[in-house]
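Student: Below is entry30.cif; it holds mmCIF, C-alpha atoms and all ligand atoms.
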```
data_upload
#
loop_
_atom_site.label_atom_id
_atom_site.label_comp_id
_atom_site.auth_asym_id
_atom_site.auth_seq_id
_atom_site.Cartn_x
_atom_site.Cartn_y
_atom_site.Cartn_z
CA MET A 28 18.46 12.03 9.90
CA VAL A 29 16.10 9.69 8.02
CA ARG A 30 15.95 7.31 10.96
CA PHE A 31 15.21 10.23 13.27
CA PHE A 32 12.20 11.42 11.26
CA ALA A 33 11.10 7.91 10.38
CA ARG A 34 10.79 6.76 13.97
CA PRO A 35 7.14 7.69 14.59
CA TYR A 36 5.98 6.80 11.05
CA VAL A 37 7.99 3.71 10.08
CA ALA A 38 7.80 0.50 12.11
CA GLY A 39 11.47 -0.36 11.78
CA ASP A 40 14.15 -1.78 9.52
CA SER A 41 13.01 -5.40 9.36
CA LEU A 42 9.93 -7.52 8.81
CA ALA A 43 10.29 -8.86 12.34
CA LYS A 44 9.99 -5.33 13.77
CA ALA A 45 6.94 -4.58 11.62
CA MET A 46 5.29 -7.82 12.82
CA GLU A 47 5.95 -6.80 16.45
CA VAL A 48 4.30 -3.44 15.86
CA ALA A 49 1.31 -5.11 14.17
CA ALA A 50 0.96 -7.63 16.99
CA GLY A 51 1.22 -4.88 19.63
CA LEU A 52 -1.49 -2.82 17.92
CA HIS A 53 -3.75 -5.85 17.68
CA VAL A 54 -3.21 -7.38 21.11
CA GLU A 55 -2.98 -4.19 23.18
CA ARG A 56 -5.35 -1.88 21.33
CA GLY A 57 -7.56 -3.99 19.08
CA ILE A 58 -6.25 -2.24 15.95
CA ALA A 59 -5.57 -4.13 12.71
CA SER A 60 -2.67 -3.35 10.34
CA THR A 61 -1.71 -3.39 6.73
CA LEU A 62 2.02 -4.00 6.27
CA ASP A 63 3.99 -2.24 3.57
CA LEU A 64 7.61 -2.59 2.51
CA LEU A 65 8.96 0.84 1.55
CA ALA A 66 10.55 0.14 -1.81
CA GLU A 67 10.36 2.87 -4.43
CA GLY A 68 12.71 4.22 -7.09
CA ILE A 69 14.02 0.76 -7.96
CA ARG A 70 17.15 0.83 -10.14
CA ASP A 71 18.27 -2.80 -10.47
CA GLN A 72 16.78 -6.23 -10.93
CA GLU A 73 18.42 -7.49 -7.77
CA THR A 74 16.30 -5.08 -5.70
CA VAL A 75 13.17 -6.12 -7.61
CA GLU A 76 13.88 -9.73 -6.64
CA ARG A 77 14.59 -8.77 -3.05
CA ASN A 78 11.24 -6.94 -2.90
CA VAL A 79 9.37 -9.97 -4.24
CA ALA A 80 11.17 -12.26 -1.79
CA THR A 81 10.34 -9.92 1.10
CA TYR A 82 6.64 -9.91 0.19
CA LEU A 83 6.61 -13.71 -0.06
CA ALA A 84 8.16 -13.76 3.42
CA MET A 85 5.52 -11.26 4.62
CA VAL A 86 2.76 -13.58 3.37
CA ASP A 87 4.26 -16.48 5.31
CA ALA A 88 4.88 -14.40 8.44
CA VAL A 89 1.28 -13.15 8.56
CA ALA A 90 -0.20 -16.56 7.71
CA SER A 91 1.71 -18.39 10.43
CA ASP A 92 1.47 -15.85 13.27
CA ARG A 93 -1.00 -17.11 15.85
CA ARG A 94 -1.32 -13.76 17.65
CA PHE A 95 -4.05 -12.61 15.27
CA ASP A 96 -7.58 -14.01 15.64
CA GLY A 97 -10.14 -13.69 12.87
CA ALA A 98 -9.41 -13.21 9.16
CA LEU A 99 -10.44 -9.54 9.26
CA ASP A 100 -8.12 -8.78 12.19
CA ARG A 101 -5.08 -10.30 10.55
CA PRO A 102 -2.64 -7.89 8.89
CA THR A 103 -3.18 -7.40 5.20
CA LEU A 104 -0.32 -6.52 2.83
CA SER A 105 -0.16 -3.30 0.83
CA LEU A 106 2.14 -3.12 -2.16
CA LYS A 107 3.08 -0.75 -4.98
CA PRO A 108 3.55 -2.06 -8.54
CA SER A 109 6.52 0.29 -9.01
CA SER A 110 8.47 -1.76 -6.46
CA TYR A 111 8.80 -4.55 -9.05
CA THR A 112 10.18 -2.84 -12.10
CA THR A 113 13.24 -0.94 -13.18
CA SER A 114 11.11 0.70 -15.89
CA PRO A 115 8.56 2.88 -14.02
CA LEU A 116 5.63 4.34 -15.92
CA ASP A 117 6.07 7.79 -14.36
CA LEU A 118 9.50 8.00 -15.99
CA GLY A 119 8.20 6.91 -19.39
CA GLY A 120 8.91 3.20 -18.90
CA ASP A 121 6.67 0.20 -19.55
CA ALA A 122 6.42 -1.33 -16.04
CA ARG A 123 8.18 -4.44 -17.36
CA GLY A 124 7.87 -7.32 -14.90
CA ALA A 125 5.61 -5.51 -12.41
CA ALA A 126 2.36 -7.33 -13.25
CA GLN A 127 4.06 -10.74 -13.14
CA ALA A 128 5.69 -10.00 -9.78
CA VAL A 129 2.45 -8.76 -8.20
CA THR A 130 0.65 -11.84 -9.56
CA ARG A 131 3.27 -14.11 -7.98
CA ILE A 132 2.79 -12.48 -4.58
CA VAL A 133 -1.00 -12.52 -4.92
CA GLU A 134 -0.97 -16.24 -5.78
CA ARG A 135 1.11 -17.08 -2.71
CA ALA A 136 -1.18 -14.90 -0.58
CA ALA A 137 -4.21 -16.79 -1.96
CA GLU A 138 -2.67 -20.10 -0.95
CA ARG A 139 -2.02 -18.82 2.57
CA GLY A 140 -5.26 -16.87 3.09
CA VAL A 141 -3.65 -13.42 3.31
CA ARG A 142 -5.36 -10.36 1.82
CA VAL A 143 -3.43 -7.97 -0.41
CA THR A 144 -4.15 -4.36 -1.38
CA VAL A 145 -2.56 -2.79 -4.45
CA ASP A 146 -1.77 0.83 -3.55
CA MET A 147 -2.50 3.53 -6.13
CA GLU A 148 0.48 5.58 -7.28
CA SER A 149 0.58 8.70 -9.46
CA ARG A 150 -1.74 9.16 -12.47
CA HIS A 151 0.80 7.50 -14.78
CA TRP A 152 0.01 4.23 -13.01
CA THR A 153 -3.78 4.44 -12.83
CA ASP A 154 -4.67 2.56 -16.05
CA PHE A 155 -2.01 -0.05 -15.40
CA THR A 156 -3.15 -0.65 -11.82
CA ILE A 157 -6.84 -0.83 -12.72
CA GLY A 158 -5.98 -3.27 -15.52
CA LEU A 159 -3.96 -5.35 -13.09
CA LEU A 160 -6.83 -5.42 -10.55
CA GLY A 161 -9.24 -6.44 -13.31
CA GLY A 162 -6.96 -9.27 -14.44
CA LEU A 163 -6.51 -10.55 -10.89
CA ALA A 164 -10.26 -10.41 -10.25
CA ALA A 165 -10.92 -12.27 -13.53
CA ALA A 166 -8.49 -14.95 -12.36
CA GLY A 167 -10.65 -15.41 -9.25
CA HIS A 168 -8.50 -13.57 -6.71
CA ARG A 169 -11.14 -12.29 -4.31
CA HIS A 170 -8.54 -11.49 -1.63
CA VAL A 171 -7.13 -8.54 -3.60
CA GLY A 172 -8.29 -4.97 -3.05
CA GLY A 173 -7.56 -1.65 -4.76
CA VAL A 174 -7.18 2.02 -3.90
CA PHE A 175 -9.00 4.92 -5.55
CA GLN A 176 -8.07 8.60 -5.23
CA THR A 177 -10.94 11.07 -5.10
CA ARG A 178 -8.75 13.99 -6.18
CA LEU A 179 -8.69 12.49 -9.70
CA ASN A 180 -11.66 13.47 -11.85
CA ARG A 181 -11.65 10.08 -13.57
CA THR A 182 -12.28 8.19 -10.31
CA GLU A 183 -16.06 8.50 -10.45
CA LEU A 184 -16.09 6.65 -13.78
CA ASP A 185 -13.43 4.19 -12.63
CA LEU A 186 -15.59 3.24 -9.65
CA ASP A 187 -18.48 2.53 -12.02
CA ARG A 188 -16.38 -0.11 -13.76
CA LEU A 189 -14.98 -2.02 -10.79
CA PRO A 190 -14.85 -5.80 -10.73
CA PRO A 191 -17.86 -6.92 -8.63
CA GLY A 192 -17.08 -7.29 -4.93
CA LEU A 193 -13.66 -5.62 -5.11
CA ARG A 194 -12.50 -4.37 -1.69
CA VAL A 195 -11.87 -0.64 -2.09
CA ARG A 196 -9.74 1.74 -0.05
CA LEU A 197 -10.90 5.31 -0.62
CA VAL A 198 -8.28 8.06 -0.24
CA ILE A 199 -7.98 11.66 -1.39
CA GLY A 200 -4.62 10.76 -2.99
CA ILE A 201 -1.15 11.89 -2.00
CA TYR A 202 0.37 12.62 -5.42
CA ASP A 203 0.30 16.23 -6.52
CA GLU A 204 -1.71 15.97 -9.75
CA PRO A 205 -2.29 18.82 -12.24
CA GLU A 206 -5.54 20.73 -12.51
CA SER A 207 -6.21 19.17 -15.93
CA VAL A 208 -6.98 15.83 -14.26
CA ALA A 209 -7.64 16.55 -10.59
CA VAL A 210 -9.28 18.90 -8.12
CA ARG A 211 -6.96 20.92 -5.88
CA ASP A 212 -9.39 21.71 -3.09
CA LYS A 213 -9.11 19.20 -0.24
CA ARG A 214 -12.68 19.82 0.91
CA VAL A 215 -13.99 18.74 -2.51
CA MET A 216 -11.79 15.64 -2.42
CA LYS A 217 -13.18 14.73 0.99
CA GLU A 218 -16.81 15.31 0.00
CA ARG A 219 -16.11 12.96 -2.87
CA LEU A 220 -14.95 10.34 -0.35
CA LEU A 221 -18.43 10.31 1.17
CA VAL A 222 -20.19 10.17 -2.20
CA ALA A 223 -17.97 7.34 -3.39
CA ALA A 224 -18.40 5.35 -0.16
CA ARG A 225 -22.17 5.61 -0.45
CA ARG A 226 -22.10 4.36 -4.03
CA LEU A 227 -19.74 1.49 -3.22
CA PHE A 228 -21.99 0.28 -0.41
CA GLU A 229 -24.97 0.33 -2.77
CA ARG A 230 -23.04 -2.00 -5.05
CA GLY A 231 -21.99 -4.36 -2.28
CA HIS A 232 -18.29 -3.47 -2.01
CA TYR A 233 -16.23 -3.63 1.19
CA VAL A 234 -15.17 -0.04 1.92
CA GLU A 235 -11.92 1.04 3.58
CA PHE A 236 -12.35 4.71 4.46
CA ALA A 237 -8.81 6.07 4.75
CA THR A 238 -8.39 9.59 6.14
CA HIS A 239 -7.06 11.33 9.25
CA ASP A 240 -9.75 13.97 9.05
CA GLU A 241 -11.78 13.26 12.18
CA ALA A 242 -14.81 15.21 10.97
CA TYR A 243 -14.99 13.12 7.79
CA VAL A 244 -14.53 9.84 9.65
CA ARG A 245 -17.50 10.82 11.84
CA ARG A 246 -19.54 11.90 8.83
CA PHE A 247 -18.71 8.60 7.09
CA LEU A 248 -20.20 6.75 10.05
CA SER A 249 -23.23 8.96 10.62
CA GLU A 250 -24.11 10.01 7.06
CA VAL A 251 -23.09 6.96 5.05
CA VAL A 252 -22.75 3.81 7.16
CA ARG A 253 -25.74 4.33 9.44
CA PRO A 254 -28.33 5.34 6.79
CA ALA A 255 -27.13 2.52 4.51
CA GLY A 256 -27.54 0.05 7.38
CA VAL A 257 -24.37 -1.85 6.47
CA ALA A 258 -23.00 -4.40 8.92
CA ALA A 259 -19.69 -3.84 10.75
CA ASP A 260 -17.96 -6.51 8.65
CA ARG A 261 -18.53 -4.50 5.44
CA TYR A 262 -16.23 -1.55 6.17
CA GLU A 263 -13.29 -0.23 8.16
CA VAL A 264 -11.51 3.04 8.84
CA GLN A 265 -7.83 3.31 7.98
CA MET A 266 -5.05 5.69 9.00
CA LEU A 267 -1.29 5.85 8.79
CA TYR A 268 0.86 4.52 11.61
CA GLY A 269 2.35 7.48 13.46
CA VAL A 270 -0.32 10.09 12.78
CA PRO A 271 -1.59 10.95 16.26
CA ARG A 272 -5.22 9.84 16.36
CA ASP A 273 -5.40 7.93 19.66
CA ARG A 274 -8.64 9.50 20.84
CA LEU A 275 -10.44 8.79 17.56
CA LEU A 276 -9.10 5.24 17.47
CA GLY A 277 -10.37 4.70 21.03
CA GLU A 278 -13.80 6.01 20.03
CA LEU A 279 -13.93 3.73 17.01
CA ARG A 280 -13.04 0.75 19.14
CA GLU A 281 -15.79 1.55 21.61
CA ALA A 282 -18.27 1.90 18.78
CA GLY A 283 -17.27 -1.49 17.39
CA VAL A 284 -15.78 0.00 14.20
CA ARG A 285 -12.74 -1.83 12.84
CA ALA A 286 -9.68 0.41 12.44
CA ARG A 287 -6.57 -0.53 10.51
CA LEU A 288 -3.24 1.29 10.45
CA TYR A 289 -0.92 1.33 7.45
CA VAL A 290 2.36 0.12 8.95
CA PRO A 291 5.39 0.67 6.69
CA PHE A 292 8.85 -0.74 7.27
CA ALA A 293 12.09 -0.44 5.31
CA LEU A 294 15.01 -2.77 4.73
CA GLY A 295 17.36 0.21 4.74
CA TRP A 296 16.64 3.74 5.88
CA PRO A 297 17.27 5.37 2.46
CA MET A 298 14.24 3.40 1.18
CA ALA A 299 12.06 5.33 3.64
CA ILE A 300 12.94 8.72 2.13
CA ALA A 301 10.27 8.86 -0.62
CA TYR A 302 7.53 7.92 1.84
CA LEU A 303 8.65 10.46 4.45
CA ARG A 304 9.08 13.19 1.86
CA ARG A 305 5.46 12.74 0.73
CA ARG A 306 4.29 12.91 4.37
CA LEU A 307 6.37 16.02 4.97
CA ASP A 308 5.18 17.76 1.78
CA GLU A 309 1.61 17.09 2.79
CA TYR A 310 2.02 17.97 6.45
CA PRO A 311 5.06 20.20 7.09
CA LYS A 312 4.12 20.47 10.77
CA MET A 313 5.28 16.85 11.04
CA MET A 314 8.81 18.21 11.47
CA PHE A 315 7.80 20.07 14.63
CA LEU A 316 5.80 17.14 16.00
CA VAL A 317 8.81 14.83 15.73
CA MET A 318 11.11 17.42 17.36
CA ARG A 319 8.61 18.05 20.16
CA ASN A 320 8.32 14.34 20.93
CA VAL A 321 12.11 13.99 21.06
CA VAL A 322 12.41 16.93 23.43
CA ARG A 323 9.62 15.58 25.66
CA LYS A 324 11.20 12.14 25.83
CA GLY A 325 14.56 13.68 26.61
C1 LIG A 401 -4.27 3.74 5.18
C2 LIG A 401 -3.91 4.73 4.12
C3 LIG A 401 -3.50 4.27 2.88
C4 LIG A 401 -3.21 5.19 1.85
N1 LIG A 401 -2.90 4.71 0.60
C5 LIG A 401 -2.73 5.61 -0.40
C6 LIG A 401 -2.52 5.18 -1.74
O1 LIG A 401 -2.47 3.99 -2.05
N2 LIG A 401 -2.36 6.13 -2.71
C7 LIG A 401 -2.42 7.46 -2.41
O2 LIG A 401 -2.29 8.29 -3.33
N3 LIG A 401 -2.61 7.90 -1.15
C8 LIG A 401 -2.76 7.01 -0.15
N4 LIG A 401 -2.96 7.47 1.13
C9 LIG A 401 -2.76 8.91 1.43
C10 LIG A 401 -4.03 9.71 1.29
O3 LIG A 401 -4.36 9.78 -0.08
C11 LIG A 401 -3.85 11.12 1.83
O4 LIG A 401 -2.84 11.76 1.16
C12 LIG A 401 -3.53 11.18 3.30
O5 LIG A 401 -4.31 10.27 4.00
C13 LIG A 401 -3.81 12.58 3.87
O6 LIG A 401 -5.10 12.98 3.58
P1 LIG A 401 -6.27 13.03 4.68
O7 LIG A 401 -7.50 12.53 4.04
O8 LIG A 401 -5.84 12.34 5.93
O9 LIG A 401 -6.50 14.58 4.89
P2 LIG A 401 -5.53 15.73 5.39
O10 LIG A 401 -6.35 16.98 5.31
O11 LIG A 401 -4.25 15.74 4.63
O12 LIG A 401 -5.23 15.36 6.87
C14 LIG A 401 -6.22 15.49 7.88
C15 LIG A 401 -5.53 15.94 9.15
O13 LIG A 401 -4.64 14.89 9.58
C16 LIG A 401 -3.46 15.45 10.10
N5 LIG A 401 -2.28 14.87 9.45
C17 LIG A 401 -2.16 14.55 8.15
N6 LIG A 401 -0.94 14.02 7.92
C18 LIG A 401 -0.28 14.03 9.11
C19 LIG A 401 1.02 13.61 9.51
N7 LIG A 401 1.89 13.07 8.64
N8 LIG A 401 1.37 13.75 10.82
C20 LIG A 401 0.49 14.28 11.71
N9 LIG A 401 -0.75 14.68 11.37
C21 LIG A 401 -1.14 14.58 10.09
C22 LIG A 401 -3.56 16.94 9.95
O14 LIG A 401 -4.02 17.50 11.20
C23 LIG A 401 -4.63 17.16 8.93
O15 LIG A 401 -5.32 18.34 9.14
C24 LIG A 401 -3.28 6.58 2.14
C25 LIG A 401 -3.69 7.03 3.39
C26 LIG A 401 -4.03 6.14 4.37
C27 LIG A 401 -4.49 6.67 5.69
#
```
What does the file become when written as structure tokens?
Ligand SMILES: Cc1cc2nc3c(=O)[nH]c(=O)nc-3n(C[C@H](O)[C@H](O)[C@H](O)COP(=O)(O)OP(=O)(O)OC[C@H]3O[C@@H](n4cnc5c(N)ncnc54)[C@H](O)[C@@H]3O)c2cc1C
Tutor:
Amino acid sequence: MVRFFARPYVAGDSLAKAMEVAAGLHVERGIASTLDLLAEGIRDQETVERNVATYLAMVDAVASDRRFDGALDRPTLSLKPSSYTTSPLDLGGDARGAAQAVTRIVERAAERGVRVTVDMESRHWTDFTIGLLGGLAAAGHRHVGGVFQTRLNRTELDLDRLPPGLRVRLVIGIYDEPESVAVRDKRVMKERLLVAARRLFERGHYVEFATHDEAYVRRFLSEVVRPAGVAADRYEVQMLYGVPRDRLLGELREAGVRARLYVPFALGWPMAIAYLRRRLDEYPKMMFLVMRNVVRKG
């Protein structure tokens, strides 16, 4: 069942399959990727070590693959701190080992010229992740970017305190946060995406505008990018692999706007469950889309 629903949204069950998808997107359609190993709900140290080893292998695979041209077109890596600890903050733990593991991966990526983005998880992880990004920036790691969720009320202030030059992916946020800390209205979250992007450009940040909302992608380009006069190498638009946006992606390509897809893969289908559940909660129609595609192919 998991494999069935995962098919459109997950690149496969190995790094090699994810690299094939990334190369296909780049070579055939001019679309960049960010690769992500689905690895959440970690229960034992052995899995932590396997996750680190897989990311080190991802760094090497990306660095040595000659199918990608310029640095900005190469896949980046996206990772979640919770993949490296058996003591997750959202369950009252202390994230033991997570910062060290991320630092190890980031150091290898620096040596090999691969960019890394630290995903943002639920609100329990926000302080930890911002602290981690600050520490990595202070250590001189300019190839590391972060993610900020506009549904959280704190984000406006967090963006004011970013390390200079940090690459920022702006998202509305996928975790269902309570009203005490977040807005619940998607339109407000998306308006905040535009406001935040404008402010980040003013401060010289590279902006990754991540949404499937076509109207907001267009407004980002016409109301933020164009008036700010920023060059094409200062921003990109990001979406998730599998969400049907071919027409928009074609338009972006024609307009010379870089697009990057978030390409997840799993080393075992059960590891894809948390990711798919979040997609399904957010977009229940996904179930029908997958079924319809299967019927059409049949
Ligand atoms: C590249 C990328 C990285 C992300 N990283 C993070 C992160 O680190 N932390 C985090 O909290 N969140 C992350 N997200 C998720 C993000 O926060 C949103 O939850 C998600 O993008 C959906 O919000 P939206 O802005 O696309 O708006 P929505 O209103 O949810 O979606 C816009 C439209 O897209 C379509 N759509 C949405 N989902 C699907 C689907 N699964 N299948 C088919 N159509 C769909 C629907 O037609 C919908 O109307 C990331 C998203 C992207 C694209």
Student: If we draw a sphere of 12 Å around (10.9, -1.7, -14.0), which residues have at least one atom in it when counting all atoms listed in the file? Please report them as a PyMOL selection string.
Tutor: chain A and resi 67-76+107-128
Student: What would the file look like if the residues just selected were written as a short mmCIF file (atom, residue, chain, number, x, y, z; two decimals), in the coordinates of the input with C-alpha atoms?
Tutor:
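Done, and the output landed in again24.cif:
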```
data_model
loop_
_atom_site.label_atom_id
_atom_site.label_comp_id
_atom_site.auth_asym_id
_atom_site.auth_seq_id
_atom_site.Cartn_x
_atom_site.Cartn_y
_atom_site.Cartn_z
CA GLU A 67 10.36 2.87 -4.43
CA GLY A 68 12.71 4.22 -7.09
CA ILE A 69 14.02 0.76 -7.96
CA ARG A 70 17.15 0.83 -10.14
CA ASP A 71 18.27 -2.80 -10.47
CA GLN A 72 16.78 -6.23 -10.93
CA GLU A 73 18.42 -7.49 -7.77
CA THR A 74 16.30 -5.08 -5.70
CA VAL A 75 13.17 -6.12 -7.61
CA GLU A 76 13.88 -9.73 -6.64
CA LYS A 107 3.08 -0.75 -4.98
CA PRO A 108 3.55 -2.06 -8.54
CA SER A 109 6.52 0.29 -9.01
CA SER A 110 8.47 -1.76 -6.46
CA TYR A 111 8.80 -4.55 -9.05
CA THR A 112 10.18 -2.84 -12.10
CA THR A 113 13.24 -0.94 -13.18
CA SER A 114 11.11 0.70 -15.89
CA PRO A 115 8.56 2.88 -14.02
CA LEU A 116 5.63 4.34 -15.92
CA ASP A 117 6.07 7.79 -14.36
CA LEU A 118 9.50 8.00 -15.99
CA GLY A 119 8.20 6.91 -19.39
CA GLY A 120 8.91 3.20 -18.90
CA ASP A 121 6.67 0.20 -19.55
CA ALA A 122 6.42 -1.33 -16.04
CA ARG A 123 8.18 -4.44 -17.36
CA GLY A 124 7.87 -7.32 -14.90
CA ALA A 125 5.61 -5.51 -12.41
CA ALA A 126 2.36 -7.33 -13.25
CA GLN A 127 4.06 -10.74 -13.14
CA ALA A 128 5.69 -10.00 -9.78
#
```
Student: List as a VMD selection string the protein and nucleic acid residues lying within 7 Å of ligand LIG 401 (chain A), with all atoms listed in the file counted.
Tutor: chain A and resid 146 to 149 174 176 198 to 202 213 217 237 to 240 265 to 267 269 to 271 288 to 289 306 to 307 309 to 310 313
Student: Quick one: write out the picked residues with C-alpha atoms as a PDB file, keeping the file's coordinate frame?
Tutor:
```pdb
ATOM      1  CA  ASP A 146      -1.770   0.830  -3.550  1.00  0.00           C
ATOM      2  CA  MET A 147      -2.500   3.530  -6.130  1.00  0.00           C
ATOM      3  CA  GLU A 148       0.480   5.580  -7.280  1.00  0.00           C
ATOM      4  CA  SER A 149       0.580   8.700  -9.460  1.00  0.00           C
ATOM      5  CA  VAL A 174      -7.180   2.020  -3.900  1.00  0.00           C
ATOM      6  CA  GLN A 176      -8.070   8.600  -5.230  1.00  0.00           C
ATOM      7  CA  VAL A 198      -8.280   8.060  -0.240  1.00  0.00           C
ATOM      8  CA  ILE A 199      -7.980  11.660  -1.390  1.00  0.00           C
ATOM      9  CA  GLY A 200      -4.620  10.760  -2.990  1.00  0.00           C
ATOM     10  CA  ILE A 201      -1.150  11.890  -2.000  1.00  0.00           C
ATOM     11  CA  TYR A 202       0.370  12.620  -5.420  1.00  0.00           C
ATOM     12  CA  LYS A 213      -9.110  19.200  -0.240  1.00  0.00           C
ATOM     13  CA  LYS A 217     -13.180  14.730   0.990  1.00  0.00           C
ATOM     14  CA  ALA A 237      -8.810   6.070   4.750  1.00  0.00           C
ATOM     15  CA  THR A 238      -8.390   9.590   6.140  1.00  0.00           C
ATOM     16  CA  HIS A 239      -7.060  11.330   9.250  1.00  0.00           C
ATOM     17  CA  ASP A 240      -9.750  13.970   9.050  1.00  0.00           C
ATOM     18  CA  GLN A 265      -7.830   3.310   7.980  1.00  0.00           C
ATOM     19  CA  MET A 266      -5.050   5.690   9.000  1.00  0.00           C
ATOM     20  CA  LEU A 267      -1.290   5.850   8.790  1.00  0.00           C
ATOM     21  CA  GLY A 269       2.350   7.480  13.460  1.00  0.00           C
ATOM     22  CA  VAL A 270      -0.320  10.090  12.780  1.00  0.00           C
ATOM     23  CA  PRO A 271      -1.590  10.950  16.260  1.00  0.00           C
ATOM     24  CA  LEU A 288      -3.240   1.290  10.450  1.00  0.00           C
ATOM     25  CA  TYR A 289      -0.920   1.330   7.450  1.00  0.00           C
ATOM     26  CA  ARG A 306       4.290  12.910   4.370  1.00  0.00           C
ATOM     27  CA  LEU A 307       6.370  16.020   4.970  1.00  0.00           C
ATOM     28  CA  GLU A 309       1.610  17.090   2.790  1.00  0.00           C
ATOM     29  CA  TYR A 310       2.020  17.970   6.450  1.00  0.00           C
ATOM     30  CA  MET A 313       5.280  16.850  11.040  1.00  0.00           C
TER      31      MET A 313
END
```
Student: Tell me, in Å to one decimal, how far CA of Thr177 (chain A) is from CA of Gly162 (chain A).
Tutor: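 CA of Thr177 (chain A) sits 22.7 Å away from CA of Gly162 (chain A).
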Student: Restricting the calculation to only C-alpha atoms: of A:Ala223, A:Met216, A:Leu65, A:Ala209, which residue gets closest to Ala33 (chain A)?
Tutor: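 Closest to Ala33 (chain A), using only C-alpha atoms: A:Leu65.
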Student: So that I can see what lies close to Thr156 (chain A), please list as a list of chain:residue names the residues with an atom at most 8 Å from it, counting only C-alpha atoms and leaving out residues fewer than 3 positions away in the same chain.
Tutor: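 Once the nearby chain positions are removed, what remains is A:Pro108, A:Val145, A:Met147, A:Trp152, A:Thr153, A:Leu159, A:Leu160.
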Student: Output C-alpha atoms of each residue in that selection to a file, as a compact mmCIF listing (two decimals), in the coordinates of the input.
Tutor:
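Result went into part_13.txt, see below:
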```txt
# COMPACT_ATOMS: atom_id res chain seq x y z
CA PRO A 108 3.55 -2.06 -8.54
CA VAL A 145 -2.56 -2.79 -4.45
CA MET A 147 -2.50 3.53 -6.13
CA TRP A 152 0.01 4.23 -13.01
CA THR A 153 -3.78 4.44 -12.83
CA LEU A 159 -3.96 -5.35 -13.09
CA LEU A 160 -6.83 -5.42 -10.55
```
Student: Excluding Ala137 (chain A) and residues on its chain fewer than 5 positions from it, collect all residues at most 8 Å away from it, counting only C-alpha atoms, and give them as a PDB file with C-alpha atoms, in the frame of the given file.
Tutor:
```pdb
ATOM      1  CA  ARG A 142      -5.360 -10.360   1.820  1.00  0.00           C
ATOM      2  CA  HIS A 168      -8.500 -13.570  -6.710  1.00  0.00           C
ATOM      3  CA  HIS A 170      -8.540 -11.490  -1.630  1.00  0.00           C
TER       4      HIS A 170
END
```
Student: Which neighbours of Arg169 (chain A) fall inside 10 Å, counting all atoms listed in the file, when residues of the same chain fewer than 3 positions from it are skipped, and could you give them as a PyMOL selection string?
Tutor: chain A and resi 137+142-143+163-166+172+190-194
Student: Which of these residues is nearest to Glu55 (chain A), using only C-alpha atoms: A:Ser249, A:Glu138, A:Val208, A:Gly277?
Tutor: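 Of all the options, A:Gly277 lies closest to Glu55 (chain A).
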Student: Just to confirm, what's the straight-line distance from CA of Ala66 (chain A) to CA of Gly158 (chain A) in Å (one decimal)?
Tutor: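 Going from CA of Ala66 (chain A) over to CA of Gly158 (chain A) covers 21.7 Å.
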Student: List as a list of chain:residue names the protein and nucleic acid residues near Ala242 (chain A), meaning an atom at most 12 Å away when only C-alpha atoms are counted, but skip any in the same chain fewer than 4 places from it.
Tutor: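 Residues near the query, excluding close chain neighbours: A:Arg214, A:Lys217, A:Glu218, A:Leu221, A:Thr238, A:Arg246, A:Phe247, A:Leu248, A:Ser249, A:Glu250, A:Leu275.
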Student: Have a look at A:Val264, A:Val141, A:Leu303, A:Leu64 and name the one nearest to Ala90 (chain A); count all atoms listed in the file.
Tutor: A:Val141
Student: Taking into account all atoms listed in the file, which residue in the set A:Tyr302, A:Tyr243, A:Phe292, A:Phe315 is nearest to Thr81 (chain A)?
Tutor: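 Nearest to Thr81 (chain A): A:Phe292.
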Student: Using CA of Arg150 (chain A) and CA of Pro205 (chain A) as the two end points, give the distance in Å to one decimal.
Tutor: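 According to the coordinates, CA of Arg150 (chain A) and CA of Pro205 (chain A) are separated by 9.7 Å.
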